[in-house]
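This is my_file00.cif. It holds mmCIF, N, CA and C atoms.
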```cif
data_target
#
loop_
_atom_site.label_atom_id
_atom_site.label_comp_id
_atom_site.auth_asym_id
_atom_site.auth_seq_id
_atom_site.Cartn_x
_atom_site.Cartn_y
_atom_site.Cartn_z
N MET U 1445 -13.39 -26.26 1.70
CA MET U 1445 -12.40 -25.21 1.68
C MET U 1445 -12.59 -24.32 2.90
N THR U 1446 -11.52 -24.05 3.61
CA THR U 1446 -11.56 -23.16 4.76
C THR U 1446 -11.33 -21.73 4.28
N THR U 1447 -12.11 -20.81 4.80
CA THR U 1447 -11.97 -19.42 4.39
C THR U 1447 -11.63 -18.54 5.59
N ASN U 1448 -10.73 -17.60 5.38
CA ASN U 1448 -10.36 -16.64 6.42
C ASN U 1448 -10.73 -15.24 5.99
N GLY U 1449 -11.50 -15.12 4.94
CA GLY U 1449 -11.92 -13.82 4.42
C GLY U 1449 -13.25 -14.00 3.73
N THR U 1450 -13.64 -13.01 2.98
CA THR U 1450 -14.89 -13.07 2.23
C THR U 1450 -14.64 -13.79 0.90
N PRO U 1451 -15.34 -14.91 0.64
CA PRO U 1451 -15.13 -15.61 -0.64
C PRO U 1451 -15.48 -14.72 -1.82
N ILE U 1452 -14.65 -14.78 -2.87
CA ILE U 1452 -14.87 -13.94 -4.04
C ILE U 1452 -14.41 -14.68 -5.29
N THR U 1453 -15.09 -14.41 -6.40
CA THR U 1453 -14.68 -14.91 -7.71
C THR U 1453 -14.54 -13.71 -8.63
N LEU U 1454 -13.40 -13.61 -9.30
CA LEU U 1454 -13.15 -12.53 -10.24
C LEU U 1454 -12.97 -13.11 -11.64
N VAL U 1455 -13.47 -12.41 -12.64
CA VAL U 1455 -13.20 -12.75 -14.03
C VAL U 1455 -12.77 -11.45 -14.69
N GLY U 1456 -11.53 -11.43 -15.17
CA GLY U 1456 -11.01 -10.20 -15.77
C GLY U 1456 -9.69 -10.47 -16.47
N ASN U 1457 -8.97 -9.40 -16.76
CA ASN U 1457 -7.73 -9.51 -17.51
C ASN U 1457 -6.53 -9.15 -16.63
N LEU U 1458 -5.42 -9.90 -16.82
CA LEU U 1458 -4.19 -9.59 -16.11
C LEU U 1458 -3.64 -8.26 -16.61
N THR U 1459 -3.28 -7.37 -15.69
CA THR U 1459 -2.76 -6.06 -16.08
C THR U 1459 -1.25 -6.10 -16.34
N ASP U 1460 -0.59 -7.17 -15.93
CA ASP U 1460 0.85 -7.34 -16.14
C ASP U 1460 1.17 -8.81 -15.94
N ASP U 1461 2.37 -9.23 -16.28
CA ASP U 1461 2.78 -10.60 -16.01
C ASP U 1461 2.83 -10.80 -14.50
N PRO U 1462 2.41 -11.97 -13.99
CA PRO U 1462 2.53 -12.24 -12.55
C PRO U 1462 4.00 -12.16 -12.12
N GLU U 1463 4.24 -11.60 -10.93
CA GLU U 1463 5.59 -11.48 -10.39
C GLU U 1463 5.80 -12.59 -9.37
N LEU U 1464 6.77 -13.46 -9.63
CA LEU U 1464 7.06 -14.60 -8.76
C LEU U 1464 8.26 -14.30 -7.88
N ARG U 1465 8.11 -14.54 -6.58
CA ARG U 1465 9.20 -14.41 -5.61
C ARG U 1465 9.19 -15.64 -4.71
N PHE U 1466 10.24 -15.74 -3.89
CA PHE U 1466 10.35 -16.84 -2.92
C PHE U 1466 10.68 -16.26 -1.55
N THR U 1467 9.99 -16.75 -0.51
CA THR U 1467 10.30 -16.34 0.85
C THR U 1467 11.67 -16.93 1.23
N PRO U 1468 12.29 -16.47 2.32
CA PRO U 1468 13.57 -17.04 2.74
C PRO U 1468 13.50 -18.56 2.96
N ALA U 1469 12.31 -19.07 3.28
CA ALA U 1469 12.14 -20.53 3.48
C ALA U 1469 11.91 -21.26 2.17
N GLY U 1470 11.88 -20.53 1.04
CA GLY U 1470 11.71 -21.17 -0.26
C GLY U 1470 10.27 -21.31 -0.71
N VAL U 1471 9.33 -20.67 -0.04
CA VAL U 1471 7.91 -20.74 -0.41
C VAL U 1471 7.65 -19.74 -1.54
N ALA U 1472 7.08 -20.23 -2.63
CA ALA U 1472 6.78 -19.38 -3.79
C ALA U 1472 5.55 -18.53 -3.52
N VAL U 1473 5.61 -17.26 -3.98
CA VAL U 1473 4.46 -16.36 -3.92
C VAL U 1473 4.43 -15.55 -5.21
N ALA U 1474 3.27 -15.48 -5.83
CA ALA U 1474 3.10 -14.68 -7.04
C ALA U 1474 2.08 -13.59 -6.75
N LYS U 1475 2.39 -12.38 -7.21
CA LYS U 1475 1.47 -11.25 -7.08
C LYS U 1475 1.11 -10.78 -8.47
N PHE U 1476 -0.16 -10.43 -8.64
CA PHE U 1476 -0.62 -9.91 -9.92
C PHE U 1476 -1.90 -9.13 -9.72
N SER U 1477 -2.28 -8.39 -10.75
CA SER U 1477 -3.47 -7.56 -10.69
C SER U 1477 -4.43 -7.98 -11.79
N VAL U 1478 -5.73 -8.00 -11.45
CA VAL U 1478 -6.78 -8.36 -12.41
C VAL U 1478 -7.70 -7.16 -12.59
N ALA U 1479 -7.89 -6.76 -13.84
CA ALA U 1479 -8.82 -5.67 -14.17
C ALA U 1479 -10.17 -6.28 -14.53
N VAL U 1480 -11.21 -5.84 -13.82
CA VAL U 1480 -12.57 -6.35 -14.07
C VAL U 1480 -13.41 -5.19 -14.58
N ASN U 1481 -13.90 -5.34 -15.81
CA ASN U 1481 -14.74 -4.30 -16.41
C ASN U 1481 -16.17 -4.46 -15.93
N ARG U 1482 -16.72 -3.36 -15.41
CA ARG U 1482 -18.12 -3.36 -14.98
C ARG U 1482 -18.99 -2.98 -16.16
N ARG U 1483 -20.11 -3.67 -16.31
CA ARG U 1483 -21.06 -3.37 -17.37
C ARG U 1483 -22.46 -3.30 -16.77
N GLN U 1484 -23.28 -2.45 -17.35
CA GLN U 1484 -24.66 -2.40 -16.90
C GLN U 1484 -25.56 -2.20 -18.12
N TYR U 1485 -26.77 -2.66 -17.97
CA TYR U 1485 -27.72 -2.61 -19.08
C TYR U 1485 -28.40 -1.25 -19.10
N ASP U 1486 -28.36 -0.60 -20.25
CA ASP U 1486 -29.03 0.68 -20.49
C ASP U 1486 -30.37 0.36 -21.15
N ALA U 1487 -31.44 0.40 -20.35
CA ALA U 1487 -32.76 0.02 -20.86
C ALA U 1487 -33.24 0.96 -21.96
N GLN U 1488 -32.92 2.24 -21.86
CA GLN U 1488 -33.36 3.19 -22.89
C GLN U 1488 -32.70 2.92 -24.23
N ALA U 1489 -31.39 2.59 -24.20
CA ALA U 1489 -30.67 2.30 -25.45
C ALA U 1489 -30.83 0.85 -25.87
N GLY U 1490 -31.27 0.00 -24.91
CA GLY U 1490 -31.44 -1.42 -25.20
C GLY U 1490 -30.12 -2.15 -25.41
N GLU U 1491 -29.07 -1.71 -24.71
CA GLU U 1491 -27.76 -2.36 -24.87
C GLU U 1491 -26.94 -2.28 -23.59
N TRP U 1492 -25.92 -3.13 -23.53
CA TRP U 1492 -24.99 -3.13 -22.41
C TRP U 1492 -23.93 -2.06 -22.64
N LYS U 1493 -23.54 -1.36 -21.57
CA LYS U 1493 -22.53 -0.33 -21.67
C LYS U 1493 -21.49 -0.51 -20.56
N ASP U 1494 -20.23 -0.18 -20.90
CA ASP U 1494 -19.17 -0.22 -19.89
C ASP U 1494 -19.41 0.88 -18.88
N SER U 1495 -19.19 0.56 -17.61
CA SER U 1495 -19.41 1.55 -16.55
C SER U 1495 -18.22 1.66 -15.61
N GLY U 1496 -17.02 1.35 -16.10
CA GLY U 1496 -15.82 1.49 -15.28
C GLY U 1496 -15.04 0.20 -15.15
N THR U 1497 -13.88 0.30 -14.57
CA THR U 1497 -13.00 -0.86 -14.37
C THR U 1497 -12.53 -0.88 -12.92
N ASP U 1498 -12.57 -2.05 -12.30
CA ASP U 1498 -12.03 -2.25 -10.95
C ASP U 1498 -10.75 -3.05 -11.07
N PHE U 1499 -9.74 -2.68 -10.29
CA PHE U 1499 -8.46 -3.39 -10.30
C PHE U 1499 -8.29 -4.09 -8.96
N HIS U 1500 -8.01 -5.39 -9.01
CA HIS U 1500 -7.89 -6.21 -7.81
C HIS U 1500 -6.47 -6.77 -7.72
N ARG U 1501 -5.83 -6.58 -6.57
CA ARG U 1501 -4.50 -7.13 -6.32
C ARG U 1501 -4.68 -8.54 -5.78
N VAL U 1502 -3.93 -9.50 -6.34
CA VAL U 1502 -4.09 -10.92 -6.00
C VAL U 1502 -2.73 -11.51 -5.61
N SER U 1503 -2.75 -12.40 -4.60
CA SER U 1503 -1.57 -13.18 -4.21
C SER U 1503 -1.91 -14.66 -4.35
N ALA U 1504 -0.95 -15.42 -4.89
CA ALA U 1504 -1.07 -16.88 -4.97
C ALA U 1504 0.19 -17.45 -4.33
N TRP U 1505 0.04 -18.60 -3.66
CA TRP U 1505 1.14 -19.18 -2.90
C TRP U 1505 1.50 -20.57 -3.39
N ARG U 1506 2.72 -20.97 -3.11
CA ARG U 1506 3.25 -22.31 -3.33
C ARG U 1506 3.14 -22.75 -4.79
N THR U 1507 2.67 -23.96 -5.02
CA THR U 1507 2.57 -24.51 -6.37
C THR U 1507 1.67 -23.66 -7.25
N LEU U 1508 0.57 -23.16 -6.68
CA LEU U 1508 -0.31 -22.28 -7.46
C LEU U 1508 0.46 -21.07 -7.96
N ALA U 1509 1.30 -20.48 -7.12
CA ALA U 1509 2.09 -19.32 -7.51
C ALA U 1509 3.01 -19.65 -8.69
N GLU U 1510 3.71 -20.77 -8.60
CA GLU U 1510 4.63 -21.16 -9.67
C GLU U 1510 3.89 -21.46 -10.96
N ASN U 1511 2.73 -22.12 -10.84
CA ASN U 1511 1.94 -22.44 -12.04
C ASN U 1511 1.37 -21.19 -12.69
N VAL U 1512 0.90 -20.25 -11.86
CA VAL U 1512 0.37 -18.98 -12.39
C VAL U 1512 1.48 -18.24 -13.14
N ALA U 1513 2.65 -18.11 -12.50
CA ALA U 1513 3.76 -17.37 -13.11
C ALA U 1513 4.28 -18.05 -14.37
N GLY U 1514 4.22 -19.37 -14.41
CA GLY U 1514 4.73 -20.10 -15.57
C GLY U 1514 3.72 -20.25 -16.69
N THR U 1515 2.47 -19.88 -16.46
CA THR U 1515 1.41 -20.12 -17.43
C THR U 1515 0.76 -18.86 -17.97
N LEU U 1516 0.51 -17.90 -17.10
CA LEU U 1516 -0.31 -16.74 -17.47
C LEU U 1516 0.55 -15.50 -17.74
N THR U 1517 0.09 -14.68 -18.68
CA THR U 1517 0.81 -13.46 -19.04
C THR U 1517 -0.15 -12.29 -19.16
N LYS U 1518 0.43 -11.10 -19.18
CA LYS U 1518 -0.32 -9.85 -19.29
C LYS U 1518 -1.37 -9.92 -20.40
N GLY U 1519 -2.57 -9.44 -20.07
CA GLY U 1519 -3.64 -9.38 -21.05
C GLY U 1519 -4.55 -10.60 -21.10
N MET U 1520 -4.09 -11.73 -20.55
CA MET U 1520 -4.92 -12.94 -20.57
C MET U 1520 -6.16 -12.76 -19.71
N ARG U 1521 -7.27 -13.30 -20.18
CA ARG U 1521 -8.50 -13.30 -19.40
C ARG U 1521 -8.44 -14.48 -18.45
N VAL U 1522 -8.64 -14.21 -17.15
CA VAL U 1522 -8.50 -15.23 -16.12
C VAL U 1522 -9.70 -15.25 -15.19
N MET U 1523 -9.82 -16.35 -14.48
CA MET U 1523 -10.79 -16.49 -13.39
C MET U 1523 -9.99 -16.73 -12.12
N VAL U 1524 -10.35 -16.02 -11.07
CA VAL U 1524 -9.67 -16.15 -9.77
C VAL U 1524 -10.71 -16.44 -8.71
N VAL U 1525 -10.48 -17.47 -7.92
CA VAL U 1525 -11.32 -17.78 -6.76
C VAL U 1525 -10.43 -17.64 -5.54
N GLY U 1526 -10.94 -16.95 -4.52
CA GLY U 1526 -10.13 -16.77 -3.33
C GLY U 1526 -10.89 -16.06 -2.24
N ASP U 1527 -10.13 -15.51 -1.30
CA ASP U 1527 -10.70 -14.78 -0.16
C ASP U 1527 -10.33 -13.31 -0.27
N LEU U 1528 -11.32 -12.43 -0.16
CA LEU U 1528 -11.11 -11.00 -0.15
C LEU U 1528 -10.77 -10.60 1.27
N ARG U 1529 -9.64 -9.90 1.42
CA ARG U 1529 -9.19 -9.50 2.75
C ARG U 1529 -8.78 -8.03 2.74
N GLN U 1530 -9.01 -7.37 3.86
CA GLN U 1530 -8.57 -6.00 4.00
C GLN U 1530 -7.30 -5.97 4.84
N ARG U 1531 -6.27 -5.37 4.31
CA ARG U 1531 -5.00 -5.23 5.02
C ARG U 1531 -4.89 -3.79 5.50
N THR U 1532 -4.51 -3.61 6.74
CA THR U 1532 -4.38 -2.25 7.29
C THR U 1532 -2.97 -2.06 7.85
N TRP U 1533 -2.49 -0.82 7.79
CA TRP U 1533 -1.18 -0.49 8.31
C TRP U 1533 -1.15 1.02 8.60
N THR U 1534 -0.10 1.44 9.28
CA THR U 1534 0.11 2.86 9.56
C THR U 1534 1.25 3.35 8.68
N ASP U 1535 0.99 4.41 7.91
CA ASP U 1535 2.00 5.00 7.03
C ASP U 1535 3.14 5.54 7.90
N GLU U 1536 4.37 5.11 7.62
CA GLU U 1536 5.53 5.51 8.44
C GLU U 1536 5.83 7.00 8.34
N LYS U 1537 5.56 7.62 7.19
CA LYS U 1537 5.89 9.04 7.01
C LYS U 1537 4.83 9.96 7.59
N THR U 1538 3.55 9.62 7.35
CA THR U 1538 2.47 10.53 7.78
C THR U 1538 1.79 10.08 9.07
N ASN U 1539 2.07 8.84 9.50
CA ASN U 1539 1.45 8.24 10.68
C ASN U 1539 -0.07 8.08 10.52
N GLU U 1540 -0.55 8.10 9.27
CA GLU U 1540 -1.97 7.90 8.99
C GLU U 1540 -2.27 6.42 8.78
N LYS U 1541 -3.48 6.02 9.19
CA LYS U 1541 -3.89 4.64 8.96
C LYS U 1541 -4.25 4.48 7.49
N ARG U 1542 -3.81 3.37 6.90
CA ARG U 1542 -4.08 3.05 5.50
C ARG U 1542 -4.69 1.66 5.43
N SER U 1543 -5.38 1.38 4.33
CA SER U 1543 -5.91 0.03 4.13
C SER U 1543 -5.99 -0.27 2.64
N ALA U 1544 -6.00 -1.54 2.32
CA ALA U 1544 -6.11 -1.99 0.94
C ALA U 1544 -6.84 -3.32 0.92
N TRP U 1545 -7.64 -3.54 -0.11
CA TRP U 1545 -8.33 -4.81 -0.29
C TRP U 1545 -7.49 -5.67 -1.22
N GLU U 1546 -7.29 -6.94 -0.84
CA GLU U 1546 -6.49 -7.87 -1.62
C GLU U 1546 -7.19 -9.22 -1.65
N VAL U 1547 -6.88 -10.01 -2.67
CA VAL U 1547 -7.45 -11.35 -2.81
C VAL U 1547 -6.34 -12.37 -2.61
N ASP U 1548 -6.57 -13.33 -1.71
CA ASP U 1548 -5.67 -14.46 -1.49
C ASP U 1548 -6.24 -15.61 -2.30
N ALA U 1549 -5.62 -15.92 -3.44
CA ALA U 1549 -6.18 -16.88 -4.40
C ALA U 1549 -6.06 -18.33 -3.92
N SER U 1550 -7.12 -19.09 -4.13
CA SER U 1550 -7.08 -20.54 -3.91
C SER U 1550 -7.13 -21.28 -5.24
N ALA U 1551 -7.57 -20.60 -6.31
CA ALA U 1551 -7.62 -21.18 -7.66
C ALA U 1551 -7.52 -20.06 -8.68
N VAL U 1552 -6.74 -20.31 -9.74
CA VAL U 1552 -6.58 -19.35 -10.83
C VAL U 1552 -6.50 -20.14 -12.13
N GLY U 1553 -7.15 -19.63 -13.16
CA GLY U 1553 -7.06 -20.31 -14.45
C GLY U 1553 -7.45 -19.40 -15.59
N PRO U 1554 -7.14 -19.81 -16.81
CA PRO U 1554 -7.55 -19.03 -17.97
C PRO U 1554 -9.06 -19.15 -18.17
N ASP U 1555 -9.67 -18.10 -18.71
CA ASP U 1555 -11.09 -18.13 -19.05
C ASP U 1555 -11.18 -18.79 -20.43
N LEU U 1556 -11.68 -20.00 -20.48
CA LEU U 1556 -11.70 -20.77 -21.72
C LEU U 1556 -12.73 -20.28 -22.74
N ALA U 1557 -13.47 -19.25 -22.39
CA ALA U 1557 -14.33 -18.61 -23.39
C ALA U 1557 -13.47 -17.74 -24.32
N PHE U 1558 -12.22 -17.45 -23.90
CA PHE U 1558 -11.34 -16.57 -24.66
C PHE U 1558 -10.02 -17.21 -25.04
N ALA U 1559 -9.82 -18.48 -24.68
CA ALA U 1559 -8.55 -19.15 -24.95
C ALA U 1559 -8.74 -20.66 -24.92
N THR U 1560 -7.73 -21.37 -25.38
CA THR U 1560 -7.68 -22.81 -25.20
C THR U 1560 -6.51 -23.11 -24.28
N ALA U 1561 -6.52 -24.28 -23.68
CA ALA U 1561 -5.45 -24.63 -22.76
C ALA U 1561 -5.17 -26.12 -22.84
N THR U 1562 -3.91 -26.47 -22.65
CA THR U 1562 -3.51 -27.86 -22.49
C THR U 1562 -3.18 -28.03 -21.02
N VAL U 1563 -3.87 -28.94 -20.35
CA VAL U 1563 -3.71 -29.11 -18.91
C VAL U 1563 -2.73 -30.23 -18.62
N THR U 1564 -1.76 -29.95 -17.76
CA THR U 1564 -0.80 -30.93 -17.29
C THR U 1564 -0.93 -31.01 -15.78
N LYS U 1565 -1.27 -32.18 -15.27
CA LYS U 1565 -1.46 -32.33 -13.83
C LYS U 1565 -0.13 -32.32 -13.10
N THR U 1566 -0.09 -31.60 -11.95
CA THR U 1566 1.10 -31.55 -11.11
C THR U 1566 0.78 -32.16 -9.76
N THR U 1567 1.81 -32.42 -8.97
CA THR U 1567 1.57 -32.94 -7.63
C THR U 1567 1.06 -31.81 -6.75
N ARG U 1568 0.30 -32.15 -5.76
CA ARG U 1568 -0.35 -31.17 -4.91
C ARG U 1568 0.39 -31.02 -3.59
N SER U 1569 0.51 -29.76 -3.12
CA SER U 1569 1.07 -29.51 -1.80
C SER U 1569 0.03 -28.77 -0.97
N ASN U 1570 0.05 -28.98 0.33
CA ASN U 1570 -0.94 -28.36 1.21
C ASN U 1570 -0.27 -27.37 2.15
N GLY U 1571 -1.09 -26.57 2.82
CA GLY U 1571 -0.58 -25.64 3.82
C GLY U 1571 -1.18 -24.26 3.63
N ALA U 1572 -1.20 -23.52 4.70
CA ALA U 1572 -1.77 -22.18 4.67
C ALA U 1572 -0.75 -21.18 4.15
N ALA U 1573 -1.23 -20.12 3.54
CA ALA U 1573 -0.36 -19.08 3.02
C ALA U 1573 0.17 -18.22 4.16
N PRO U 1574 1.45 -17.86 4.08
CA PRO U 1574 1.99 -16.93 5.07
C PRO U 1574 1.34 -15.56 4.90
N GLY U 1575 1.56 -14.66 5.83
CA GLY U 1575 1.00 -13.32 5.75
C GLY U 1575 1.72 -12.46 4.74
N ASP U 1576 1.24 -11.23 4.56
CA ASP U 1576 1.80 -10.31 3.57
C ASP U 1576 3.24 -9.95 3.89
N GLU U 1577 3.64 -10.03 5.16
CA GLU U 1577 5.01 -9.68 5.51
C GLU U 1577 6.01 -10.61 4.82
N ALA U 1578 5.60 -11.82 4.48
CA ALA U 1578 6.49 -12.74 3.78
C ALA U 1578 6.83 -12.22 2.40
N TRP U 1579 5.91 -11.50 1.76
CA TRP U 1579 6.17 -10.94 0.43
C TRP U 1579 7.28 -9.89 0.52
N GLU U 1580 7.27 -9.10 1.58
CA GLU U 1580 8.24 -8.02 1.71
C GLU U 1580 9.67 -8.53 1.80
N THR U 1581 9.88 -9.71 2.35
CA THR U 1581 11.22 -10.26 2.50
C THR U 1581 11.54 -11.30 1.42
N ALA U 1582 10.62 -11.50 0.48
CA ALA U 1582 10.80 -12.52 -0.54
C ALA U 1582 11.77 -12.07 -1.62
N SER U 1583 12.49 -13.03 -2.20
CA SER U 1583 13.41 -12.72 -3.29
C SER U 1583 12.87 -13.33 -4.59
N ARG U 1584 13.48 -12.98 -5.69
CA ARG U 1584 13.04 -13.48 -6.99
C ARG U 1584 13.60 -14.86 -7.30
N THR U 1585 14.48 -15.37 -6.46
CA THR U 1585 15.05 -16.70 -6.68
C THR U 1585 14.88 -17.56 -5.44
N ARG U 1586 14.73 -18.86 -5.65
CA ARG U 1586 14.58 -19.78 -4.53
C ARG U 1586 15.92 -19.89 -3.81
N PRO U 1587 15.93 -19.78 -2.47
CA PRO U 1587 17.19 -19.91 -1.72
C PRO U 1587 17.83 -21.27 -1.95
N ALA U 1588 19.15 -21.31 -1.97
CA ALA U 1588 19.87 -22.56 -2.16
C ALA U 1588 19.48 -23.55 -1.07
N GLY U 1589 19.20 -24.78 -1.45
CA GLY U 1589 18.85 -25.82 -0.51
C GLY U 1589 17.40 -25.82 -0.06
N ALA U 1590 16.62 -24.84 -0.49
CA ALA U 1590 15.20 -24.78 -0.11
C ALA U 1590 14.37 -25.44 -1.20
N GLY U 1591 13.62 -26.44 -0.83
CA GLY U 1591 12.77 -27.12 -1.79
C GLY U 1591 11.39 -26.49 -1.85
N ALA U 1592 10.62 -26.88 -2.85
CA ALA U 1592 9.24 -26.39 -2.97
C ALA U 1592 8.44 -26.91 -1.79
N ARG U 1593 7.54 -26.08 -1.30
CA ARG U 1593 6.74 -26.46 -0.14
C ARG U 1593 5.29 -26.51 -0.54
#
```
Spit out the file's structure as structure tokens when you get a sec.
Amino acid sequence: MTTNGTPITLVGNLTDDPELRFTPAGVAVAKFSVAVNRRQYDAQAGEWKDSGTDFHRVSAWRTLAENVAGTLTKGMRVMVVGDLRQRTWTDEKTNEKRSAWEVDASAVGPDLAFATATVTKTTRSNGAAPGDEAWETASRTRPAGAGAR
């Protein structure tokens, strides 16, 4: 696997249903957020305690995007493998530099410790994910005449 960011694995819960869109070229992209609860061991109490929640924004592309959107729903416990990337931009109103950490998913699935699944194999497509700018121009429907890529 080729990586263009920091490899990361997340295990957490979907905060909402994945949102599926299509770029003008017909490439599927799904965006979703995963909440990961942090826990730490309290030696004095002799038990594990919650110590906060981290929210991670995730993008999935092409067939993975369509499968994620067609399979997973809000609240499901999932595992995400991908690349952690920092996106930076300049705020148009304040002219201040901004940044956000996002995960570009290469694999997503249900956590089978909390669910069962019936697996149906699909055909595989290859190719690199477009940049975040493709999401901004993406629509919720596949353009006429554009096939899956």
Nearby residues, (-12.2, -15.3, -12.4) file frame, 6.5 Å, only N, CA and C atoms, as a VMD selection string: chain U and resid 1453 to 1456 1522 to 1525
Could you jot down the atom C of Arg1584 in chain U to CA of Gly1470 in chain U separation for me, Å, one decimal place? 9.6 Å
Give as JSON, numbers by chain the residues that the PyMOL selection byres ((chain U and resi 1459) around 6) matches when applied to the coordinates above. {"U": [1457, 1458, 1460, 1461, 1477, 1478, 1479, 1518, 1519]}
Which residues are close to range 1499-1503 of chain U, i.e. within 6.5 Å by all atoms listed in the file, leaving aside same-chain residues fewer than 3 positions away? Reply as a count of residues only. 13
Would you write out, as a PyMOL selection string, every residue that the PyMOL selection byres ((chain U and resi 1582) around 6) captures in this file? chain U and resi 1465-1468+1578-1581+1583-1584
Exactly which residues make up the result of the PyMOL selection byres (((chain U and resi 1531-1538 and name CA) around 12) and name CA) on this file, given as a PyMOL selection string? chain U and resi 1449+1501+1528-1530+1539-1548+1575-1577
d(CA of Arg1506 in chain U, CA of Leu1464 in chain U) in Å: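 Computing the Euclidean distance for CA of Arg1506 in chain U and CA of Leu1464 in chain U yields 10.2 Å.
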Coordinates-based distance that separates atom C of Leu1556 in chain U from CA of Glu1491 in chain U (Å, one decimal): 23.5 Å
Counting only N, CA and C atoms, which residues sit no farther than 7 Å from the position (-20.4, 0.4, -22.1) in the file's frame? I'd like them as a compact mmCIF listing (two decimals) with N, CA and C atoms, in the coordinates of the input.
```txt
# COMPACT_ATOMS: atom_id res chain seq x y z
N ARG U 1482 -16.72 -3.36 -15.41
CA ARG U 1482 -18.12 -3.36 -14.98
C ARG U 1482 -18.99 -2.98 -16.16
N ARG U 1483 -20.11 -3.67 -16.31
CA ARG U 1483 -21.06 -3.37 -17.37
C ARG U 1483 -22.46 -3.30 -16.77
N GLN U 1484 -23.28 -2.45 -17.35
CA GLN U 1484 -24.66 -2.40 -16.90
C GLN U 1484 -25.56 -2.20 -18.12
N TRP U 1492 -25.92 -3.13 -23.53
CA TRP U 1492 -24.99 -3.13 -22.41
C TRP U 1492 -23.93 -2.06 -22.64
N LYS U 1493 -23.54 -1.36 -21.57
CA LYS U 1493 -22.53 -0.33 -21.67
C LYS U 1493 -21.49 -0.51 -20.56
N ASP U 1494 -20.23 -0.18 -20.90
CA ASP U 1494 -19.17 -0.22 -19.89
C ASP U 1494 -19.41 0.88 -18.88
N SER U 1495 -19.19 0.56 -17.61
CA SER U 1495 -19.41 1.55 -16.55
C SER U 1495 -18.22 1.66 -15.61
N GLY U 1496 -17.02 1.35 -16.10
CA GLY U 1496 -15.82 1.49 -15.28
C GLY U 1496 -15.04 0.20 -15.15
```
